>>> print(open('upload_31.csv').read())   # CSV, C-alpha atoms
chain,number,residue,atom,x,y,z
A,539,MET,CA,10.8,13.0,42.8
A,540,THR,CA,9.0,10.6,40.5
A,541,ASN,CA,11.8,9.4,38.3
A,542,SER,CA,12.4,5.7,37.8
A,543,ASN,CA,15.2,5.5,40.3
A,544,THR,CA,13.1,7.1,43.0
A,545,GLU,CA,10.1,4.9,42.2
A,546,ALA,CA,12.3,1.8,42.6
A,547,GLU,CA,13.3,2.8,46.1
A,548,HIS,CA,9.7,3.0,47.4
A,549,LEU,CA,7.2,0.5,48.5
A,550,CYS,CA,3.7,1.8,47.8
A,551,GLY,CA,0.6,0.4,49.7
A,552,ILE,CA,-0.1,-1.3,53.0
A,553,ARG,CA,0.0,-4.9,51.7
A,554,PRO,CA,3.4,-4.6,49.9
A,555,LEU,CA,4.8,-3.1,53.1
A,556,LEU,CA,3.4,-5.9,55.3
A,557,GLU,CA,4.9,-8.5,52.9
A,558,ALA,CA,8.3,-6.8,53.0
A,559,ILE,CA,8.3,-6.7,56.8
A,560,GLU,CA,7.2,-10.4,56.9
A,561,ALA,CA,10.1,-11.2,54.5
A,562,GLY,CA,12.6,-9.6,56.8
A,563,LYS,CA,13.4,-6.7,54.6
A,564,GLU,CA,15.0,-3.8,56.4
A,565,ILE,CA,12.7,-0.8,56.3
A,566,ASP,CA,14.4,2.6,56.4
A,567,LYS,CA,11.5,5.0,56.5
A,568,ILE,CA,7.7,4.7,56.6
A,569,TYR,CA,5.4,7.6,55.7
A,570,ILE,CA,1.8,7.3,56.7
A,571,GLN,CA,-1.0,9.5,55.5
A,572,LYS,CA,-2.7,11.5,58.3
A,573,ASN,CA,-6.0,10.2,59.5
A,574,LEU,CA,-5.6,6.9,57.7
A,575,LYS,CA,-8.1,4.2,58.7
A,576,GLY,CA,-9.2,0.7,57.8
A,577,GLU,CA,-8.7,-2.9,59.0
A,578,LEU,CA,-5.6,-3.5,57.0
A,579,PHE,CA,-4.1,-0.3,58.4
A,580,LYS,CA,-4.9,-1.5,61.9
A,581,GLU,CA,-2.9,-4.6,61.2
A,582,LEU,CA,0.0,-2.6,60.0
A,583,TRP,CA,-0.2,-0.2,62.9
A,584,GLY,CA,0.0,-3.1,65.4
A,585,ILE,CA,3.2,-4.4,63.7
A,586,LEU,CA,4.8,-0.9,63.6
A,587,LYS,CA,4.3,-0.6,67.3
A,588,GLU,CA,5.3,-4.1,68.1
A,589,GLN,CA,8.5,-4.0,66.1
A,590,LYS,CA,9.2,-0.3,66.8
A,591,LEU,CA,9.6,0.5,63.1
A,592,PRO,CA,10.3,4.1,62.2
A,593,PHE,CA,7.3,6.0,60.8
A,594,THR,CA,6.2,9.6,60.2
A,595,VAL,CA,2.6,10.8,59.7
A,596,VAL,CA,2.4,13.2,56.8
A,597,PRO,CA,-0.3,14.8,54.6
A,598,LYS,CA,-1.4,13.1,51.4
A,599,SER,CA,0.4,15.7,49.3
A,600,ARG,CA,3.7,14.5,50.7
A,601,LEU,CA,3.0,11.0,49.6
A,602,ASP,CA,1.9,12.1,46.2
A,603,LYS,CA,5.4,13.6,45.7
A,604,PHE,CA,7.0,10.2,46.2
A,605,THR,CA,5.1,8.3,43.6
A,606,ARG,CA,2.4,8.4,40.9
A,607,LYS,CA,1.2,5.0,42.0
A,608,ASN,CA,-1.8,4.3,44.2
A,609,HIS,CA,0.0,4.4,47.5
A,610,GLN,CA,-3.2,3.7,49.7
A,611,GLY,CA,-1.9,6.2,52.2
A,612,VAL,CA,1.4,4.4,52.9
A,613,VAL,CA,4.8,4.8,51.3
A,614,ALA,CA,8.0,3.1,52.6
A,615,THR,CA,11.6,3.0,51.6
A,616,LEU,CA,13.9,0.0,51.9
A,617,SER,CA,17.4,0.6,53.3
A,618,VAL,CA,20.2,0.3,50.8
A,619,VAL,CA,22.4,-1.0,53.6
A,620,GLN,CA,21.8,-3.4,56.4
A,621,SER,CA,22.3,-2.0,59.9
A,622,VAL,CA,24.5,-3.9,62.4
A,623,ASP,CA,24.6,-4.1,66.2
A,624,LEU,CA,26.8,-1.4,67.7
A,625,LYS,CA,27.7,-3.5,70.7
A,626,GLU,CA,29.0,-6.2,68.5
A,627,ILE,CA,31.1,-3.7,66.6
A,628,ILE,CA,32.6,-2.2,69.8
A,629,GLN,CA,33.3,-5.6,71.2
A,630,ARG,CA,35.1,-6.9,68.1
A,631,THR,CA,37.1,-3.7,67.9
A,632,PHE,CA,38.3,-4.0,71.5
A,633,GLU,CA,39.1,-7.7,70.9
A,634,LYS,CA,41.4,-6.7,68.0
A,635,GLY,CA,43.3,-4.4,70.3
A,636,GLU,CA,42.0,-1.2,68.6
A,637,ASP,CA,40.5,1.9,70.0
A,638,PRO,CA,37.0,2.3,68.7
A,639,LEU,CA,36.1,5.4,66.7
A,640,VAL,CA,32.4,5.9,66.3
A,641,VAL,CA,30.7,8.8,64.5
A,642,ILE,CA,27.2,9.6,65.8
A,643,LEU,CA,24.7,11.7,63.8
A,644,ASP,CA,22.2,13.5,66.0
A,645,ARG,CA,19.2,14.2,63.7
A,646,VAL,CA,21.2,14.9,60.6
A,647,SER,CA,18.4,14.9,58.0
A,648,ASP,CA,20.1,15.6,54.6
A,649,VAL,CA,21.0,12.5,52.7
A,650,ARG,CA,24.0,14.3,51.0
A,651,ASN,CA,25.4,15.3,54.4
A,652,LEU,CA,25.0,11.8,55.7
A,653,GLY,CA,26.7,10.3,52.6
A,654,ALA,CA,29.5,12.8,52.7
A,655,ILE,CA,30.1,12.1,56.4
A,656,ALA,CA,30.1,8.4,55.8
A,657,ARG,CA,32.7,8.9,53.1
A,658,THR,CA,35.0,10.7,55.4
A,659,ALA,CA,34.4,8.4,58.3
A,660,ASP,CA,35.4,5.4,56.1
A,661,ALA,CA,38.5,7.3,54.9
A,662,VAL,CA,39.8,7.9,58.4
A,663,GLY,CA,39.1,4.3,59.5
A,664,ALA,CA,36.1,4.9,61.8
A,665,HIS,CA,34.5,1.7,63.0
A,666,ALA,CA,30.9,2.6,62.8
A,667,LEU,CA,28.4,5.4,61.9
A,668,VAL,CA,25.4,5.7,64.2
A,669,THR,CA,22.1,7.2,63.1
A,670,THR,CA,18.7,7.3,64.8
A,671,LEU,CA,15.6,5.4,63.8
A,672,ARG,CA,13.6,8.6,63.6
A,673,ASN,CA,14.5,12.2,62.5
A,674,SER,CA,17.5,11.1,60.5
A,675,ALA,CA,18.4,11.1,56.8
A,676,ALA,CA,17.2,8.2,54.7
A,677,LEU,CA,19.7,5.5,53.8
A,678,ASN,CA,18.7,5.6,50.2
A,679,MET,CA,20.5,5.6,46.8
A,680,ASP,CA,21.1,9.4,47.1
A,681,ALA,CA,23.0,8.8,50.3
A,682,MET,CA,24.9,5.9,48.8
A,683,LYS,CA,26.0,8.1,45.8
A,684,ALA,CA,27.0,10.9,48.1
A,685,SER,CA,29.1,8.5,50.1
A,686,ALA,CA,30.9,7.3,46.9
A,687,GLY,CA,30.1,3.7,48.0
A,688,ALA,CA,31.4,4.1,51.6
A,689,LEU,CA,28.0,3.0,52.9
A,690,ASN,CA,28.8,-0.4,51.5
A,691,HIS,CA,31.8,-0.7,53.7
A,692,LEU,CA,31.3,1.4,56.9
A,693,PRO,CA,29.1,-0.4,59.5
A,694,ILE,CA,25.8,1.5,60.0
A,695,CYS,CA,24.1,1.3,63.4
A,696,LYS,CA,20.5,2.5,63.9
A,697,GLU,CA,19.7,3.4,67.5
A,698,SER,CA,16.2,4.0,68.9
A,699,ASN,CA,17.5,5.9,72.0
A,700,LEU,CA,20.7,8.0,71.6
A,701,ASN,CA,20.8,8.9,75.3
A,702,GLU,CA,20.9,5.2,76.3
A,703,THR,CA,23.5,4.6,73.6
A,704,LEU,CA,25.8,7.3,75.0
A,705,THR,CA,25.5,5.9,78.5
A,706,TRP,CA,26.4,2.4,77.2
A,707,LEU,CA,29.4,3.7,75.3
A,708,GLN,CA,30.7,5.6,78.3
A,709,MET,CA,30.2,2.5,80.5
A,710,SER,CA,32.3,0.6,77.9
A,711,GLY,CA,35.2,3.0,78.3
A,712,ILE,CA,34.5,5.2,75.3
A,713,ARG,CA,34.7,9.0,75.7
A,714,VAL,CA,31.8,11.0,74.1
A,715,VAL,CA,32.8,14.3,72.5
A,716,SER,CA,30.3,16.6,70.9
A,717,CYS,CA,31.1,19.2,68.3
A,718,SER,CA,29.1,22.4,68.9
A,719,GLU,CA,29.6,26.2,68.8
A,720,LYS,CA,28.1,26.4,72.3
A,721,THR,CA,31.5,26.1,74.0
A,722,ASP,CA,34.7,28.0,74.3
A,723,LYS,CA,37.0,25.0,73.9
A,724,LEU,CA,38.6,24.4,70.6
A,725,ALA,CA,39.0,20.9,69.2
A,726,TYR,CA,42.7,21.5,68.9
A,727,ASP,CA,43.0,21.9,72.7
A,728,ALA,CA,41.0,18.8,73.6
A,729,LYS,CA,42.3,15.2,73.9
A,730,LEU,CA,40.8,13.3,71.0
A,731,THR,CA,42.8,10.0,71.3
A,732,GLY,CA,41.8,6.7,72.8
A,733,PRO,CA,38.3,5.1,72.4
A,734,LEU,CA,36.1,7.9,71.1
A,735,ALA,CA,32.6,8.7,70.0
A,736,LEU,CA,32.1,11.9,68.0
A,737,ILE,CA,28.7,13.5,67.9
A,738,MET,CA,27.7,15.8,65.0
A,739,GLY,CA,24.4,17.6,65.2
A,740,SER,CA,21.6,18.5,62.9
A,741,GLU,CA,22.0,21.0,60.1
A,742,ASP,CA,19.7,23.6,61.8
A,743,LYS,CA,19.8,22.9,65.5
A,744,GLY,CA,23.2,21.2,66.1
A,745,VAL,CA,23.6,18.6,68.9
A,746,ALA,CA,20.6,18.3,71.1
A,747,PRO,CA,21.0,19.9,74.6
A,748,GLU,CA,20.6,16.5,76.4
A,749,ARG,CA,23.4,15.1,74.3
A,750,LEU,CA,25.6,18.0,75.0
A,751,LYS,CA,24.9,17.5,78.7
A,752,ALA,CA,25.7,13.8,78.5
A,753,SER,CA,29.0,14.4,76.6
A,754,ASP,CA,32.3,14.0,78.4
A,755,GLU,CA,33.5,17.1,76.4
A,756,VAL,CA,32.1,19.7,74.0
A,757,VAL,CA,34.5,21.3,71.5
A,758,LYS,CA,34.2,23.6,68.5
A,759,LEU,CA,36.1,24.5,65.4
A,760,PRO,CA,37.5,28.1,65.0
A,761,MET,CA,35.3,30.4,63.0
A,762,LEU,CA,37.4,33.4,61.8
A,763,GLY,CA,35.1,34.8,59.1
A,764,LYS,CA,31.7,36.4,59.0
A,765,VAL,CA,29.7,33.1,58.8
A,766,GLY,CA,28.9,31.6,62.2
A,767,SER,CA,28.8,27.9,61.3
A,768,LEU,CA,30.0,25.2,59.0
A,769,ASN,CA,28.0,22.7,57.0
A,770,VAL,CA,27.8,19.6,59.2
A,771,SER,CA,29.7,17.3,56.7
A,772,VAL,CA,32.5,19.9,56.4
A,773,ALA,CA,32.7,20.2,60.2
A,774,ALA,CA,32.7,16.4,60.6
A,775,GLY,CA,35.6,16.1,58.1
A,776,ALA,CA,37.6,18.7,60.0
A,777,MET,CA,36.9,17.0,63.3
A,778,LEU,CA,37.8,13.5,62.0
A,779,TYR,CA,41.1,14.6,60.6
A,780,GLU,CA,42.0,16.4,63.8
A,781,ILE,CA,41.4,13.0,65.5
A,782,VAL,CA,43.7,11.4,62.9
A,783,ARG,CA,46.3,14.1,63.5
A,784,GLN,CA,46.3,13.6,67.2
A,785,LYS,CA,46.5,9.8,67.0
A,786,SER,CA,49.5,10.1,64.7
A,787,LEU,CA,51.5,12.1,67.3
>>> encode(input="upload_31.csv", output="structure tokens")
Amino acid sequence: MTNSNTEAEHLCGIRPLLEAIEAGKEIDKIYIQKNLKGELFKELWGILKEQKLPFTVVPKSRLDKFTRKNHQGVVATLSVVQSVDLKEIIQRTFEKGEDPLVVILDRVSDVRNLGAIARTADAVGAHALVTTLRNSAALNMDAMKASAGALNHLPICKESNLNETLTWLQMSGIRVVSCSEKTDKLAYDAKLTGPLALIMGSEDKGVAPERLKASDEVVKLPMLGKVGSLNVSVAAGAMLYEIVRQKSL
């Protein structure tokens, strides 16, 4: 993890991070060494809380894997794409007379999965890809490569509270559909037309229970073999093209 490309993606040290925040750079992830102290860190901590920036507390060994530089207990990554406001995207889509199609990633943490899903979402004409500020894959160069450049074109929206986001989408007339094996209803038997938000869950736990409960409908893909689940990017592709199929009828 210490090749030149990876080094270039990271900000190492408290002062460089403070300067990046002050300059208005979009910070994707911040990793803070456990039990870090000091006056400069107190300044950073106050800004993190005030601006609600995403951070994770990790052991020093984790930071050492990111870089050989003197990181001073803090390593951050800059986002390779600028996030946009979901409400503005939805409003513009409705104004154009189109039915919004939003893909929501609930704690999807693998950058290759995020990139692959973004690539398919762009291919089917989705209007936005929603991720969470915390517990989600980094929007780094690996994600960009996996998306084949789609992250340059597909609007990315970072949300701090998915439950509130789902409520707002539903109040805006958008049906929320989750893909999960915890249902008997096949995607092929569900109505996947009109304004729609599709939730795909994390690689190991799937869609969170509170998101399933909040969904208007929960559907699954048929599993006819011995394996009980699909890779999330493969499942997202199958779901998105079923949406395309239904809209073309």
>>> residues_around(input="upload_31.csv", residues="segment 688-695 of chain A", least_positions_apart="5", cutoff="7 Å", atoms="only C-alpha atoms", output="list in words")
Val619, Ser621, Val622, Asp623, Leu624, Ala656, Arg657, Asp660, His665, Ala666, Leu667, Val668, Thr669 and Met682 of chain A
>>> closest_residue(input="upload_31.csv", among="A:Ile781, A:Ile642, A:Leu671, A:Val618", to="Lys683 of chain A", atoms="all atoms listed in the file")
A:Val618
>>> closest_residue(input="upload_31.csv", among="A:Thr615, A:Thr631, A:Ser753, A:Thr721", to="Ala676 of chain A", atoms="only C-alpha atoms")
A:Thr615
>>> closest_residue(input="upload_31.csv", among="A:Ser740, A:Asn573, A:Gln784, A:Thr658", to="Val596 of chain A", atoms="only C-alpha atoms")
A:Asn573
>>> residues_around(input="upload_31.csv", residues="Val612 of chain A", least_positions_apart="5", cutoff="7 Å", atoms="only C-alpha atoms", output="ChimeraX atom specification")
/A:550-552,569-571
>>> atom_distance(input="upload_31.csv", atom1="atom CA of Phe593 of chain A", atom2="atom CA of Ser716 of chain A")
27.3 Å
>>> closest_atom_pairs(input="upload_31.csv", of="segment 568-650 of chain A", to="segment 700-710 of chain A", cutoff="10 Å", atoms="only C-alpha atoms", output="Markdown table")
| residue | atom | partner | partner_atom | distance |
| --- | --- | --- | --- | --- |
| A:Leu624 | CA | A:Thr703 | CA | 9.0 |
| A:Lys625 | CA | A:Leu707 | CA | 8.7 |
| A:Ile628 | CA | A:Ser710 | CA | 8.6 |
| A:Gln629 | CA | A:Ser710 | CA | 9.2 |
| A:Phe632 | CA | A:Ser710 | CA | 9.9 |
| A:Val640 | CA | A:Leu707 | CA | 9.7 |
| A:Ile642 | CA | A:Leu700 | CA | 8.9 |
| A:Leu643 | CA | A:Leu700 | CA | 9.5 |
| A:Asp644 | CA | A:Leu700 | CA | 8.0 |
>>> closest_residue(input="upload_31.csv", among="A:Leu730, A:Leu556, A:Met738, A:Ala675", to="Val772 of chain A", atoms="all atoms listed in the file")
A:Met738
>>> atom_distance(input="upload_31.csv", atom1="atom CA of Val782 of chain A", atom2="atom CA of Val662 of chain A")
6.9 Å
>>> atom_distance(input="upload_31.csv", atom1="atom CA of Ala681 of chain A", atom2="atom CA of Gly653 of chain A")
4.6 Å
>>> decode(input="upload_31.csv", residues="segment 752-764 of chain A", atoms="N, CA and C atoms", output="compact mmCIF listing (two decimals), in the first residue's frame")
# COMPACT_ATOMS: atom_id res chain seq x y z
N ALA A 752 -37.87 0.36 6.43
CA ALA A 752 -38.31 1.62 5.86
C ALA A 752 -38.64 1.52 4.38
N SER A 753 -38.21 0.43 3.72
CA SER A 753 -38.42 0.30 2.28
C SER A 753 -39.88 0.08 1.93
N ASP A 754 -40.27 0.55 0.77
CA ASP A 754 -41.63 0.30 0.28
C ASP A 754 -41.78 -1.15 -0.16
N GLU A 755 -40.67 -1.74 -0.59
CA GLU A 755 -40.71 -3.13 -1.03
C GLU A 755 -39.31 -3.74 -0.91
N VAL A 756 -39.27 -5.03 -0.59
CA VAL A 756 -38.01 -5.77 -0.52
C VAL A 756 -38.09 -6.93 -1.51
N VAL A 757 -37.10 -7.03 -2.38
CA VAL A 757 -37.13 -8.07 -3.41
C VAL A 757 -35.79 -8.81 -3.42
N LYS A 758 -35.78 -9.95 -4.10
CA LYS A 758 -34.54 -10.72 -4.22
C LYS A 758 -34.38 -11.24 -5.64
N LEU A 759 -33.17 -11.68 -5.93
CA LEU A 759 -32.88 -12.36 -7.18
C LEU A 759 -32.91 -13.86 -6.95
N PRO A 760 -33.34 -14.65 -7.93
CA PRO A 760 -33.40 -16.10 -7.72
C PRO A 760 -32.01 -16.70 -7.60
N MET A 761 -31.85 -17.62 -6.68
CA MET A 761 -30.59 -18.33 -6.47
C MET A 761 -30.87 -19.82 -6.66
N LEU A 762 -30.44 -20.38 -7.78
CA LEU A 762 -30.79 -21.75 -8.14
C LEU A 762 -29.67 -22.75 -7.87
N GLY A 763 -28.50 -22.26 -7.53
CA GLY A 763 -27.36 -23.15 -7.30
C GLY A 763 -27.07 -23.37 -5.83
N LYS A 764 -25.87 -23.75 -5.53
CA LYS A 764 -25.47 -24.07 -4.16
C LYS A 764 -25.07 -22.83 -3.36
